[in-house]
file protein_12.txt (compact mmCIF, C-alpha atoms)
# COMPACT_ATOMS: atom_id res chain seq x y z
CA MET H 1147 8.07 -28.97 3.25
CA SER H 1148 10.94 -27.80 1.08
CA LEU H 1149 14.72 -27.87 1.35
CA VAL H 1150 17.19 -24.99 1.37
CA LEU H 1151 20.69 -25.72 0.10
CA GLY H 1152 23.59 -23.59 1.31
CA VAL H 1153 26.67 -23.57 -0.93
CA GLY H 1154 30.22 -22.38 -0.38
CA LEU H 1155 32.94 -23.02 -2.92
CA ARG H 1156 36.27 -21.87 -4.31
CA SER H 1157 36.30 -19.97 -7.57
CA GLY H 1158 36.46 -22.28 -10.55
CA THR H 1159 35.08 -25.33 -8.74
CA PRO H 1160 34.06 -27.91 -11.40
CA TYR H 1161 30.34 -28.47 -11.68
CA ALA H 1162 30.81 -32.26 -11.55
CA GLU H 1163 32.37 -31.97 -8.08
CA LEU H 1164 29.55 -29.78 -6.75
CA GLN H 1165 26.88 -31.96 -8.32
CA GLU H 1166 28.32 -35.14 -6.81
CA LEU H 1167 28.43 -33.55 -3.34
CA VAL H 1168 24.79 -32.41 -3.60
CA THR H 1169 23.64 -35.77 -4.96
CA THR H 1170 25.27 -37.53 -2.00
CA ILE H 1171 23.49 -35.47 0.65
CA LEU H 1172 20.12 -35.75 -1.08
CA ARG H 1173 19.98 -39.56 -1.08
CA GLU H 1174 18.27 -39.62 2.31
CA GLN H 1175 16.09 -36.55 1.72
CA PRO H 1176 12.70 -37.10 0.04
CA ASP H 1177 11.90 -33.40 -0.38
CA THR H 1178 13.04 -31.21 -3.26
CA ILE H 1179 15.35 -28.22 -3.07
CA SER H 1180 13.42 -25.02 -3.69
CA LEU H 1181 16.14 -22.52 -2.77
CA VAL H 1182 19.92 -22.36 -3.19
CA VAL H 1183 21.73 -19.77 -1.05
CA THR H 1184 25.30 -18.54 -0.96
CA VAL H 1185 27.43 -15.48 -0.28
CA GLU H 1186 27.35 -12.48 -2.62
CA GLY H 1187 29.66 -13.00 -5.58
CA LYS H 1188 29.43 -16.79 -5.64
CA ASP H 1189 26.14 -16.57 -7.51
CA ARG H 1190 28.23 -15.76 -10.59
CA GLU H 1191 30.15 -19.05 -10.40
CA PRO H 1192 29.25 -21.27 -13.39
CA ALA H 1193 28.94 -24.35 -11.16
CA VAL H 1194 26.40 -22.62 -8.90
CA ARG H 1195 24.35 -21.30 -11.80
CA GLN H 1196 24.24 -24.69 -13.50
CA LEU H 1197 23.23 -26.37 -10.23
CA VAL H 1198 20.37 -23.92 -9.78
CA ASP H 1199 19.18 -24.54 -13.36
CA ASP H 1200 19.33 -28.32 -12.96
CA LEU H 1201 17.44 -28.22 -9.67
CA GLY H 1202 14.86 -25.76 -10.96
CA ALA H 1203 15.43 -23.79 -7.75
CA GLU H 1204 15.56 -20.11 -6.81
CA LEU H 1205 18.97 -18.56 -6.15
CA ARG H 1206 19.51 -16.04 -3.36
CA THR H 1207 22.61 -14.40 -1.91
CA PHE H 1208 23.54 -12.78 1.41
CA SER H 1209 26.34 -10.38 2.22
CA ALA H 1210 29.25 -11.57 4.33
CA ASP H 1211 28.07 -9.27 7.13
CA GLU H 1212 24.62 -10.87 7.10
CA LEU H 1213 26.16 -14.35 7.24
CA ALA H 1214 28.48 -13.35 10.07
CA GLU H 1215 25.45 -12.64 12.25
CA GLN H 1216 24.42 -16.32 12.18
CA ARG H 1217 25.53 -18.73 14.93
CA VAL H 1218 26.70 -21.84 13.10
CA PRO H 1219 27.64 -25.29 14.49
CA THR H 1220 30.92 -25.64 12.56
CA PRO H 1221 32.62 -22.27 12.10
CA SER H 1222 35.90 -22.01 10.21
CA GLU H 1223 38.68 -19.51 10.94
CA GLN H 1224 40.02 -19.95 7.43
CA VAL H 1225 36.67 -19.10 5.86
CA GLU H 1226 36.34 -16.10 8.17
CA GLN H 1227 39.73 -14.79 7.07
CA LEU H 1228 38.84 -15.23 3.41
CA LYS H 1229 35.17 -14.22 3.38
CA GLY H 1230 34.61 -12.20 6.55
CA THR H 1231 32.22 -14.77 7.95
CA PRO H 1232 32.95 -18.01 9.86
CA SER H 1233 30.63 -19.94 7.55
CA VAL H 1234 29.00 -19.70 4.15
CA ALA H 1235 26.95 -22.86 3.58
CA GLU H 1236 25.52 -23.22 7.10
CA ALA H 1237 25.10 -19.49 7.71
CA ALA H 1238 23.34 -19.00 4.38
CA VAL H 1239 20.79 -21.69 5.30
CA LEU H 1240 20.17 -20.16 8.73
CA ALA H 1241 19.87 -16.65 7.24
CA THR H 1242 16.75 -17.76 5.35
CA GLY H 1243 15.05 -18.74 8.60
CA ALA H 1244 15.25 -22.45 7.77
CA GLN H 1245 16.13 -25.13 10.33
CA LEU H 1246 19.53 -26.70 9.71
CA VAL H 1247 19.01 -30.46 9.22
CA LEU H 1248 22.40 -31.40 7.76
CA PRO H 1249 25.53 -29.47 8.80
CA LYS H 1250 28.39 -28.64 6.50
CA GLN H 1251 29.55 -31.42 4.15
CA ARG H 1252 32.82 -31.02 2.24
CA SER H 1253 34.50 -31.95 -0.98
CA SER H 1254 37.91 -30.72 -2.12
CA ASN H 1255 36.66 -27.31 -3.23
CA ALA H 1256 33.08 -26.96 -2.00
CA THR H 1257 30.90 -27.13 1.09
CA VAL H 1258 27.15 -27.60 1.28
CA ALA H 1259 24.61 -27.59 4.10
CA LEU H 1260 20.92 -28.43 4.09
CA GLY H 1261 17.99 -26.85 5.84
CA ARG H 1262 14.26 -27.45 5.88
CA THR H 1263 11.44 -24.98 6.06
CA SER H 1264 7.71 -25.58 6.29
CA ALA H 1265 6.95 -22.15 4.86
CA ALA H 1266 7.46 -20.90 1.34
CA ALA H 1267 10.66 -18.92 1.01
CA GLY H 1268 10.46 -15.14 1.17
CA TYR H 1269 12.72 -12.73 -0.65
CA GLY H 1270 16.26 -11.98 0.39
CA PRO H 1271 17.10 -8.68 2.12
CA VAL H 1272 17.95 -6.76 -1.06
CA ASP H 1273 14.82 -7.80 -2.96
CA ARG H 1274 12.65 -7.40 0.12
CA GLU H 1275 13.94 -3.88 0.67
CA ALA H 1276 13.15 -3.03 -2.96
CA VAL H 1277 9.53 -4.10 -2.49
CA TYR H 1278 9.07 -2.00 0.65
CA ARG H 1279 10.92 0.90 -0.93
CA VAL H 1280 8.64 1.13 -3.95
CA ILE H 1281 5.60 1.02 -1.65
CA ALA H 1282 7.02 3.79 0.55
CA GLU H 1283 8.09 5.99 -2.38
CA ARG H 1284 4.89 5.70 -4.42
CA ARG H 1285 3.37 9.15 -4.78
CA ASP H 1286 0.15 10.64 -6.11
CA VAL H 1287 1.90 13.01 -8.52
CA ARG H 1288 0.34 16.21 -9.82
CA ARG H 1289 3.38 18.43 -10.41
CA GLY H 1290 6.62 18.19 -12.33
CA PHE H 1291 5.56 16.12 -15.34
CA LEU H 1292 8.12 16.29 -18.16
CA ASP H 1293 7.47 16.65 -21.86
CA LEU H 1294 8.88 13.20 -22.56
CA PRO H 1295 7.01 10.39 -24.31
CA VAL H 1296 6.42 7.06 -22.56
CA ASP H 1297 7.63 4.37 -24.94
CA ASP H 1298 5.44 1.39 -25.75
CA ALA H 1299 7.76 -1.13 -24.09
CA THR H 1300 7.72 0.69 -20.75
CA LEU H 1301 3.98 1.27 -20.92
CA GLY H 1302 3.51 -2.40 -21.78
CA ARG H 1303 5.42 -3.51 -18.69
CA VAL H 1304 3.39 -1.22 -16.45
CA LEU H 1305 0.07 -2.35 -17.90
CA GLY H 1306 1.29 -5.95 -17.72
CA ALA H 1307 1.86 -5.53 -13.98
CA ALA H 1308 -1.66 -4.13 -13.62
CA HIS H 1309 -3.07 -7.03 -15.61
CA ARG H 1310 -1.40 -9.53 -13.26
CA ALA H 1311 -3.44 -8.26 -10.33
CA PRO H 1312 -5.58 -10.77 -8.43
CA SER H 1313 -9.30 -10.68 -9.18
CA VAL H 1314 -12.41 -12.32 -7.80
CA GLY H 1315 -12.89 -15.66 -9.53
CA LEU H 1316 -10.10 -14.70 -11.98
CA SER H 1317 -12.72 -12.56 -13.72
CA GLN H 1318 -10.19 -9.80 -14.58
CA PRO H 1319 -12.93 -7.18 -14.83
CA TRP H 1320 -10.61 -4.31 -15.79
CA ASP H 1321 -9.78 -2.62 -19.07
CA PHE H 1322 -7.26 0.17 -19.70
CA LEU H 1323 -8.10 3.04 -22.05
CA VAL H 1324 -4.89 4.90 -22.95
CA ILE H 1325 -5.57 8.52 -23.91
CA ARG H 1326 -2.98 10.72 -25.60
CA HIS H 1327 -5.12 13.05 -27.72
CA VAL H 1328 -5.11 16.55 -26.26
CA ALA H 1329 -8.65 17.27 -27.43
CA THR H 1330 -10.05 14.41 -25.36
CA ARG H 1331 -7.96 15.30 -22.34
CA ARG H 1332 -9.06 18.92 -22.55
CA LYS H 1333 -12.72 17.86 -22.27
CA VAL H 1334 -11.95 15.79 -19.18
CA HIS H 1335 -9.93 18.68 -17.76
CA GLU H 1336 -12.91 21.00 -18.09
CA LEU H 1337 -15.00 18.57 -16.04
CA ALA H 1338 -12.32 18.47 -13.33
CA VAL H 1339 -12.11 22.27 -13.17
CA ALA H 1340 -15.89 22.52 -12.71
CA GLN H 1341 -15.81 20.03 -9.83
CA ARG H 1342 -12.85 21.79 -8.25
CA ASP H 1343 -14.80 25.03 -8.23
CA ALA H 1344 -17.85 23.30 -6.74
CA PHE H 1345 -15.75 21.73 -3.97
CA ALA H 1346 -14.02 25.01 -3.20
CA ALA H 1347 -17.38 26.73 -2.85
CA SER H 1348 -18.46 24.14 -0.26
CA LEU H 1349 -15.48 24.76 2.03
CA PRO H 1350 -15.28 27.07 5.05
CA GLN H 1351 -13.32 30.21 4.21
CA ASP H 1352 -10.13 29.23 6.03
CA ARG H 1353 -10.12 25.78 4.45
CA ARG H 1354 -10.84 27.29 1.04
CA SER H 1355 -7.72 29.44 1.29
CA ALA H 1356 -5.59 26.35 1.94
CA PHE H 1357 -7.29 24.48 -0.90
CA ASP H 1358 -6.53 27.25 -3.39
CA GLY H 1359 -2.84 26.40 -3.19
CA LEU H 1360 -3.30 22.71 -4.01
CA LYS H 1361 -3.00 21.24 -7.49
CA ILE H 1362 -5.61 18.53 -7.91
CA GLU H 1363 -4.82 17.11 -11.37
CA ALA H 1364 -2.29 17.00 -14.24
CA ILE H 1365 -4.59 15.95 -17.06
CA LEU H 1366 -2.96 18.26 -19.62
CA ASP H 1367 0.53 18.25 -18.06
CA ALA H 1368 1.16 14.50 -18.30
CA PRO H 1369 1.85 13.01 -21.75
CA LEU H 1370 -0.83 10.34 -21.37
CA ASN H 1371 -3.91 9.54 -19.35
CA ILE H 1372 -5.23 6.07 -18.54
CA ALA H 1373 -8.86 5.39 -17.70
CA VAL H 1374 -9.24 2.15 -15.73
CA THR H 1375 -12.68 0.61 -16.11
CA CYS H 1376 -14.63 -2.31 -14.69
CA ASP H 1377 -17.13 -4.69 -16.26
CA PRO H 1378 -19.23 -5.85 -13.25
CA GLY H 1379 -20.65 -8.78 -15.19
CA ARG H 1380 -17.47 -10.14 -16.72
CA GLY H 1381 -17.28 -13.90 -16.40
CA GLY H 1382 -21.03 -14.46 -16.42
CA ARG H 1383 -23.27 -15.80 -13.72
CA HIS H 1384 -21.07 -18.16 -11.75
CA VAL H 1385 -17.88 -16.20 -11.00
CA LEU H 1386 -16.30 -17.85 -7.99
CA GLY H 1387 -16.49 -15.70 -4.84
CA ARG H 1388 -18.57 -12.85 -6.25
CA HIS H 1389 -22.09 -14.01 -5.36
CA ALA H 1390 -21.95 -12.99 -1.69
CA ASP H 1391 -20.30 -9.59 -2.22
CA PRO H 1392 -20.58 -8.03 -5.69
CA ARG H 1393 -18.22 -5.25 -4.56
CA THR H 1394 -15.30 -7.65 -4.99
CA THR H 1395 -15.41 -6.87 -8.72
CA MET H 1396 -14.66 -3.20 -8.00
CA PHE H 1397 -12.04 -4.18 -5.44
CA SER H 1398 -10.30 -6.24 -8.12
CA ALA H 1399 -10.05 -3.27 -10.48
CA ALA H 1400 -8.70 -1.10 -7.65
CA ILE H 1401 -5.96 -3.66 -6.96
CA ALA H 1402 -5.00 -3.50 -10.65
CA ILE H 1403 -4.55 0.27 -10.27
CA GLN H 1404 -2.26 -0.26 -7.27
CA ASN H 1405 -0.18 -2.73 -9.27
CA LEU H 1406 0.05 -0.18 -12.09
CA TRP H 1407 1.09 2.54 -9.64
CA LEU H 1408 3.88 0.51 -8.05
CA ALA H 1409 5.24 -0.68 -11.39
CA ALA H 1410 5.17 2.89 -12.70
CA ARG H 1411 7.21 4.07 -9.71
CA ALA H 1412 9.77 1.36 -10.37
CA GLU H 1413 10.01 2.61 -13.97
CA GLY H 1414 10.42 6.24 -12.89
CA LEU H 1415 6.92 7.22 -14.00
CA GLY H 1416 4.69 9.46 -11.94
CA VAL H 1417 1.00 8.65 -11.57
CA GLY H 1418 -1.76 10.94 -10.37
CA TRP H 1419 -5.31 9.71 -9.70
CA VAL H 1420 -7.93 12.33 -10.60
CA SER H 1421 -11.22 12.14 -8.72
CA PHE H 1422 -12.62 15.63 -9.31
CA PHE H 1423 -15.43 14.74 -11.70
CA GLU H 1424 -18.60 12.73 -11.97
CA PRO H 1425 -17.73 9.28 -13.41
CA ALA H 1426 -20.76 9.32 -15.70
CA GLU H 1427 -19.65 12.62 -17.26
CA VAL H 1428 -16.17 11.29 -18.00
CA ALA H 1429 -17.66 8.06 -19.34
CA ALA H 1430 -19.72 10.15 -21.77
CA VAL H 1431 -16.61 12.03 -22.95
CA LEU H 1432 -14.78 8.74 -23.46
CA ASP H 1433 -17.84 7.16 -25.10
CA LEU H 1434 -17.71 4.13 -22.81
CA PRO H 1435 -20.35 1.40 -23.25
CA ARG H 1436 -23.17 1.86 -20.75
CA HIS H 1437 -22.39 -1.38 -18.88
CA ILE H 1438 -18.78 -0.31 -18.25
CA GLU H 1439 -17.98 1.58 -15.03
CA LEU H 1440 -15.10 4.02 -14.64
CA ILE H 1441 -12.96 3.15 -11.61
CA GLY H 1442 -9.95 5.44 -11.93
CA TYR H 1443 -8.61 8.19 -14.18
CA LEU H 1444 -4.82 8.38 -14.07
CA CYS H 1445 -2.27 10.91 -15.32
CA VAL H 1446 0.98 9.15 -16.23
CA GLY H 1447 4.43 10.33 -17.32
CA TYR H 1448 8.03 10.96 -16.40
CA VAL H 1449 8.54 13.57 -13.68
CA ASP H 1450 11.41 15.75 -12.53
CA ARG H 1451 11.36 14.29 -9.01
CA PHE H 1452 9.44 12.17 -6.53
CA ALA H 1453 8.69 14.15 -3.41
CA PRO H 1454 9.90 12.80 -0.04
CA ALA H 1455 6.33 12.97 1.32
CA PRO H 1456 2.82 13.25 -0.17
CA GLU H 1457 1.81 16.77 -1.24
CA LEU H 1458 -1.08 16.91 1.22
CA VAL H 1459 1.35 16.19 4.06
CA ARG H 1460 3.92 18.72 2.84
CA SER H 1461 1.27 21.41 2.38
CA GLY H 1462 -0.16 20.83 5.85
CA TRP H 1463 -3.58 19.86 4.49
CA ALA H 1464 -3.55 16.50 6.30
CA LYS H 1465 -1.33 14.12 8.28
CA ARG H 1466 -0.89 10.37 8.12
CA ARG H 1467 -2.95 8.24 10.48
CA PRO H 1468 -0.65 6.22 12.76
CA LEU H 1469 -0.65 2.46 12.26
CA SER H 1470 -1.46 1.91 15.93
CA TRP H 1471 -4.86 3.54 15.39
CA ALA H 1472 -5.75 1.07 12.67
CA VAL H 1473 -4.74 -2.25 14.30
CA HIS H 1474 -7.20 -4.11 16.54
CA HIS H 1475 -6.60 -7.52 18.11
CA GLU H 1476 -9.28 -10.21 18.18
CA GLU H 1477 -12.13 -7.74 18.65
CA TRP H 1478 -12.87 -4.15 17.65
CA GLY H 1479 -11.28 -1.60 19.97
CA ARG H 1480 -8.67 -3.89 21.51
CA ARG H 1481 -5.40 -2.16 20.72
CA THR H 1482 -1.88 -2.41 22.07
CA ALA H 1483 -2.35 0.98 23.77
CA SER H 1484 -5.37 2.95 24.91
CA ILE H 1485 -7.11 5.05 22.30
CA VAL H 1486 -6.50 8.17 24.40
CA GLY H 1487 -2.85 7.26 24.90
CA ASP H 1488 -2.45 6.79 21.15
CA ALA H 1489 -4.01 10.20 20.56
CA GLU H 1490 -1.67 11.84 23.07
CA GLN H 1491 1.32 10.20 21.41
CA ALA H 1492 0.19 11.26 17.95
CA ALA H 1493 -0.39 14.82 19.14
CA GLN H 1494 3.37 15.28 19.17
CA ASP H 1495 3.33 15.17 15.36
CA VAL H 1496 0.09 17.11 14.85
CA VAL H 1497 0.16 20.87 14.34
CA PRO H 1498 -3.50 21.95 14.29
CA ALA H 1499 -4.55 24.79 12.00
CA ALA H 1500 -5.37 27.62 14.38
CA GLY H 1501 -8.14 29.05 12.24
CA GLN H 1502 -10.09 25.96 11.21
CA CYS H 1503 -13.13 25.30 13.39
CA VAL H 1504 -15.66 22.45 13.15
CA ARG H 1505 -18.99 22.47 14.98
CA VAL H 1506 -19.84 18.84 15.78
CA VAL H 1507 -23.59 18.28 16.22
CA VAL H 1508 -24.06 15.10 18.28
CA GLY H 1509 -27.32 13.25 17.67
CA GLY H 1510 -28.43 15.42 14.77
CA ASP H 1511 -29.20 14.76 11.12
CA ALA H 1512 -28.62 16.37 7.74
CA ALA H 1513 -30.98 19.24 8.62
CA GLN H 1514 -28.21 20.69 10.80
CA LEU H 1515 -25.80 21.10 7.86
CA GLN H 1516 -26.75 24.65 6.92
CA ASP H 1517 -23.22 26.02 7.40
CA ALA H 1518 -19.98 24.60 6.06
CA GLU H 1519 -18.41 24.30 9.53
CA ALA H 1520 -21.06 21.81 10.73
CA LEU H 1521 -20.43 18.08 11.06
CA VAL H 1522 -23.29 15.88 12.25
CA VAL H 1523 -22.89 12.65 14.24
CA ASP H 1524 -25.97 10.42 13.72
CA LEU H 1525 -26.43 7.93 16.59
CA GLY H 1526 -29.45 6.18 15.08
CA THR H 1527 -29.61 2.44 14.50
CA ASP H 1528 -30.49 2.82 10.80
CA ARG H 1529 -27.90 3.96 8.28
CA PRO H 1530 -28.74 7.48 7.06
CA ALA H 1531 -28.64 8.58 3.43
CA ALA H 1532 -25.10 9.03 2.15
CA ASP H 1533 -23.74 12.46 3.06
CA PHE H 1534 -20.14 13.26 3.96
CA GLY H 1535 -21.42 15.85 6.40
CA VAL H 1536 -23.08 13.11 8.45
CA LEU H 1537 -21.02 10.57 10.38
CA TRP H 1538 -23.06 7.51 11.31
CA ARG H 1539 -21.87 6.21 14.68
CA ALA H 1540 -24.46 3.80 16.11
CA ALA H 1541 -22.58 3.20 19.37
CA ARG H 1542 -23.69 0.04 21.14
CA THR H 1543 -22.67 1.22 24.61
CA PRO H 1544 -21.69 4.52 26.26
CA ALA H 1545 -18.10 3.26 26.48
CA GLU H 1546 -18.04 2.68 22.74
CA ALA H 1547 -19.55 6.14 22.23
CA VAL H 1548 -16.64 7.67 24.14
CA GLU H 1549 -14.22 5.78 21.90
CA PHE H 1550 -16.00 6.99 18.78
CA GLY H 1551 -15.78 10.56 20.05
CA VAL H 1552 -12.03 10.29 20.60
CA GLU H 1553 -11.62 8.79 17.11
CA ILE H 1554 -13.57 11.60 15.47
CA ALA H 1555 -11.55 14.29 17.26
CA ARG H 1556 -8.17 12.81 16.47
CA ASP H 1557 -9.08 12.16 12.81
CA LEU H 1558 -10.23 15.78 12.46
CA ALA H 1559 -6.92 16.88 13.96
CA LEU H 1560 -5.10 14.99 11.22
CA GLN H 1561 -7.18 16.93 8.68
CA GLY H 1562 -5.91 20.24 10.03
CA VAL H 1563 -8.78 21.16 12.35
CA GLY H 1564 -7.71 23.41 15.23
CA GLN H 1565 -10.93 23.96 17.16
CA LEU H 1566 -14.02 21.91 18.01
CA VAL H 1567 -17.35 23.27 19.13
CA VAL H 1568 -19.48 20.40 20.47
CA GLN H 1569 -23.26 20.71 20.37
CA VAL H 1570 -25.43 17.91 21.83
CA VAL H 1571 -28.98 17.84 20.44
CA GLU H 1572 -30.00 14.31 21.49
CA ASP H 1573 -31.00 13.62 25.08
CA SER H 1574 -29.35 10.23 25.60
CA GLU H 1575 -26.54 8.66 27.55
CA ARG H 1576 -24.76 7.73 24.34
CA ALA H 1577 -24.85 11.33 23.05
CA VAL H 1578 -23.37 12.66 26.28
CA ALA H 1579 -20.69 9.93 26.21
CA LEU H 1580 -19.73 10.70 22.60
CA ALA H 1581 -19.48 14.40 23.40
CA ARG H 1582 -17.19 13.54 26.32
CA GLY H 1583 -15.04 11.48 23.94
CA LEU H 1584 -14.80 14.42 21.55
CA GLN H 1585 -13.52 16.62 24.35
CA VAL H 1586 -11.01 14.00 25.54
CA GLY H 1587 -9.74 13.44 22.00
CA ALA H 1588 -9.51 17.17 21.35
CA SER H 1589 -7.47 17.71 24.50
CA ALA H 1590 -5.19 14.79 23.69
CA CYS H 1591 -4.47 16.19 20.21
CA GLY H 1592 -4.00 19.76 21.31
CA LEU H 1593 -7.24 21.15 19.88
CA THR H 1594 -9.16 23.92 21.59
CA HIS H 1595 -12.74 22.89 22.33
CA SER H 1596 -15.93 24.29 23.77
CA SER H 1597 -19.62 23.43 24.13
CA ALA H 1598 -22.38 25.17 22.19
call {"tool": "encode", "arguments": {"input": "protein_12.txt", "output": "structure tokens"}}
result
Amino acid sequence: MSLVLGVGLRSGTPYAELQELVTTILREQPDTISLVVTVEGKDREPAVRQLVDDLGAELRTFSADELAEQRVPTPSEQVEQLKGTPSVAEAAVLATGAQLVLPKQRSSNATVALGRTSAAAGYGPVDREAVYRVIAERRDVRRGFLDLPVDDATLGRVLGAAHRAPSVGLSQPWDFLVIRHVATRRKVHELAVAQRDAFAASLPQDRRSAFDGLKIEAILDAPLNIAVTCDPGRGGRHVLGRHADPRTTMFSAAIAIQNLWLAARAEGLGVGWVSFFEPAEVAAVLDLPRHIELIGYLCVGYVDRFAPAPELVRSGWAKRRPLSWAVHHEEWGRRTASIVGDAEQAAQDVVPAAGQCVRVVVGGDAAQLQDAEALVVDLGTDRPAADFGVLWRAARTPAEAVEFGVEIARDLALQGVGQLVVQVVEDSERAVALARGLQVGASACGLTHSSA
């Protein structure tokens, strides 16, 4: 357990007075103070700053309005008139979520109160809001890069944040290849253009028209590119935690990219992740050692603005998946609301593309993928070969098959699909149930649907 110290004091209070008051209340407390809290403005008092340094504690402040929301045991009308809150020391302790164990103690110019918490202290409201804000405002940027250099100090801070990412067994499998030369970037750009053309050719005509308006990379627009790589064998044979799941090495490198992305946003730098190329081809352009794997290729630089929403949302290409769809409790499928009810609720925010049609083949295999509109649902017990045109849904019961059908329909709706044609080619109870789920999900999300 740790202690939280709330402090209220008059301006210019001598440090000796505050120190003596704190020493007195700590005589019967075996735990150490990990956090000192006070009202905004008092954190600049020399006595408070010296106390924090001597205790080796963290300092946090709350606004008077935040403190006024706390119900304290010993309110003061005088303090409320002066500070806008009936308490500083006690209210500051309670505002952290700590339990008050020693109410307000006074000296001539200061008051202190003590709380105890069994949990490590979180951030205060201002810092906490900054963390959530940078997560919410992070964007995959492909437009609006400025012709401004990224200085070494800023780049160093961003890469330092990436390098502080957690990794399996502290193996730190990542490396960062910073690329500024235009000649190198042009070669990578050519690979991305070729893959863009190949992807466009694979799309149904209506989807291809929508794709033509999307910008998928900024390799030549951004002032620098960063290739993030992974050494799967870094750390040798006995890396802690890797033996059961070797994928954790790749996960570690991906977390480093997220750290980089968030730090870049805080610095005003846009980042765009380019995935339109074969990793081996880019590795050849960059002359990477054969044991090194490319995880991410990033375009980085200052931008003219950060969009209020992701480009794919603004363009209508796709919509965000609601959190309620992703949260299960105790066992798979147990949600706070029914899966159909969630779909009906989400349908209010979904505007299906009237022209886009998908023919869902239930119980088929890759042989049914002759046309671009086809999507196969494989119900077999064995995982099929990797193919994005084949969804493997080995439903254990008819009820689960219905759920899978609803999920497929609503996820297609979020990708802009406006019409489903359901074709059942497997004679089984599960196939019929999944088809029924597709129809229920389509109706819930406002899609037109029919049977082939």
call {"tool": "residues_around", "arguments": {"input": "protein_12.txt", "residues": "Leu1205 (chain H)", "least_positions_apart": "5", "cutoff": "8 Å", "atoms": "all atoms listed in the file", "output": "MDAnalysis selection string"}}
result
chainID H and resid 1181:1183 1189 1198
call {"tool": "write_last_selection", "arguments": {"input": "protein_12.txt", "atoms": "C-alpha atoms", "output": "PDB file, keeping the file's coordinate frame"}}
result
ATOM      1  CA  LEU H1181      16.140 -22.520  -2.770  1.00  0.00           C
ATOM      2  CA  VAL H1182      19.920 -22.360  -3.190  1.00  0.00           C
ATOM      3  CA  VAL H1183      21.730 -19.770  -1.050  1.00  0.00           C
ATOM      4  CA  ASP H1189      26.140 -16.570  -7.510  1.00  0.00           C
ATOM      5  CA  VAL H1198      20.370 -23.920  -9.780  1.00  0.00           C
TER       6      VAL H1198
END
call {"tool": "closest_residue", "arguments": {"input": "protein_12.txt", "among": "H:Gly1187, H:Leu1521, H:Pro1530, H:Val1486", "to": "Gln1585 (chain H)", "atoms": "only C-alpha atoms"}}
result
H:Val1486
call {"tool": "residues_around", "arguments": {"input": "protein_12.txt", "residues": "Val1507 (chain H)", "least_positions_apart": "6", "cutoff": "9 Å", "atoms": "all atoms listed in the file", "output": "number ranges by chain"}}
result
H: 1514, 1520-1524, 1567-1571
call {"tool": "write_last_selection", "arguments": {"input": "protein_12.txt", "atoms": "C-alpha atoms", "output": "JSON list (two decimals), keeping the file's coordinate frame"}}
result
[["chain", "number", "residue", "atom", "x", "y", "z"],
["H", 1514, "GLN", "CA", -28.21, 20.69, 10.80],
["H", 1520, "ALA", "CA", -21.06, 21.81, 10.73],
["H", 1521, "LEU", "CA", -20.43, 18.08, 11.06],
["H", 1522, "VAL", "CA", -23.29, 15.88, 12.25],
["H", 1523, "VAL", "CA", -22.89, 12.65, 14.24],
["H", 1524, "ASP", "CA", -25.97, 10.42, 13.72],
["H", 1567, "VAL", "CA", -17.35, 23.27, 19.13],
["H", 1568, "VAL", "CA", -19.48, 20.40, 20.47],
["H", 1569, "GLN", "CA", -23.26, 20.71, 20.37],
["H", 1570, "VAL", "CA", -25.43, 17.91, 21.83],
["H", 1571, "VAL", "CA", -28.98, 17.84, 20.44]]
call {"tool": "residues_around", "arguments": {"input": "protein_12.txt", "residues": "Val1563 (chain H)", "least_positions_apart": "4", "cutoff": "12 Å", "atoms": "all atoms listed in the file", "output": "ChimeraX atom specification"}}
result
/H:1350,1352-1353,1462-1465,1496-1506,1519,1554-1559,1567,1588,1591-1595
call {"tool": "atom_distance", "arguments": {"input": "protein_12.txt", "atom1": "CA of Ala1238 (chain H)", "atom2": "CA of Val1185 (chain H)"}}
result
7.1 Å
call {"tool": "decode", "arguments": {"input": "protein_12.txt", "residues": "region 1261-1279 of chain H", "atoms": "C-alpha atoms", "output": "tab-separated table (two decimals), in the first residue's frame"}}
result
chain	number	residue	atom	x	y	z
H	1261	GLY	CA	-5.03	8.86	2.40
H	1262	ARG	CA	-4.15	5.29	1.58
H	1263	THR	CA	-4.59	3.38	-1.63
H	1264	SER	CA	-3.87	-0.25	-2.41
H	1265	ALA	CA	-3.57	0.48	-6.11
H	1266	ALA	CA	-0.84	2.36	-7.93
H	1267	ALA	CA	-1.83	5.94	-8.60
H	1268	GLY	CA	-3.21	6.80	-12.02
H	1269	TYR	CA	-2.78	10.11	-13.80
H	1270	GLY	CA	-4.68	13.23	-12.92
H	1271	PRO	CA	-7.56	14.44	-15.13
H	1272	VAL	CA	-5.44	16.71	-17.34
H	1273	ASP	CA	-2.73	14.14	-18.03
H	1274	ARG	CA	-5.28	11.36	-18.41
H	1275	GLU	CA	-7.22	13.39	-20.95
H	1276	ALA	CA	-4.01	13.99	-22.91
H	1277	VAL	CA	-3.38	10.25	-23.16
H	1278	TYR	CA	-6.89	9.51	-24.43
H	1279	ARG	CA	-6.77	12.50	-26.75
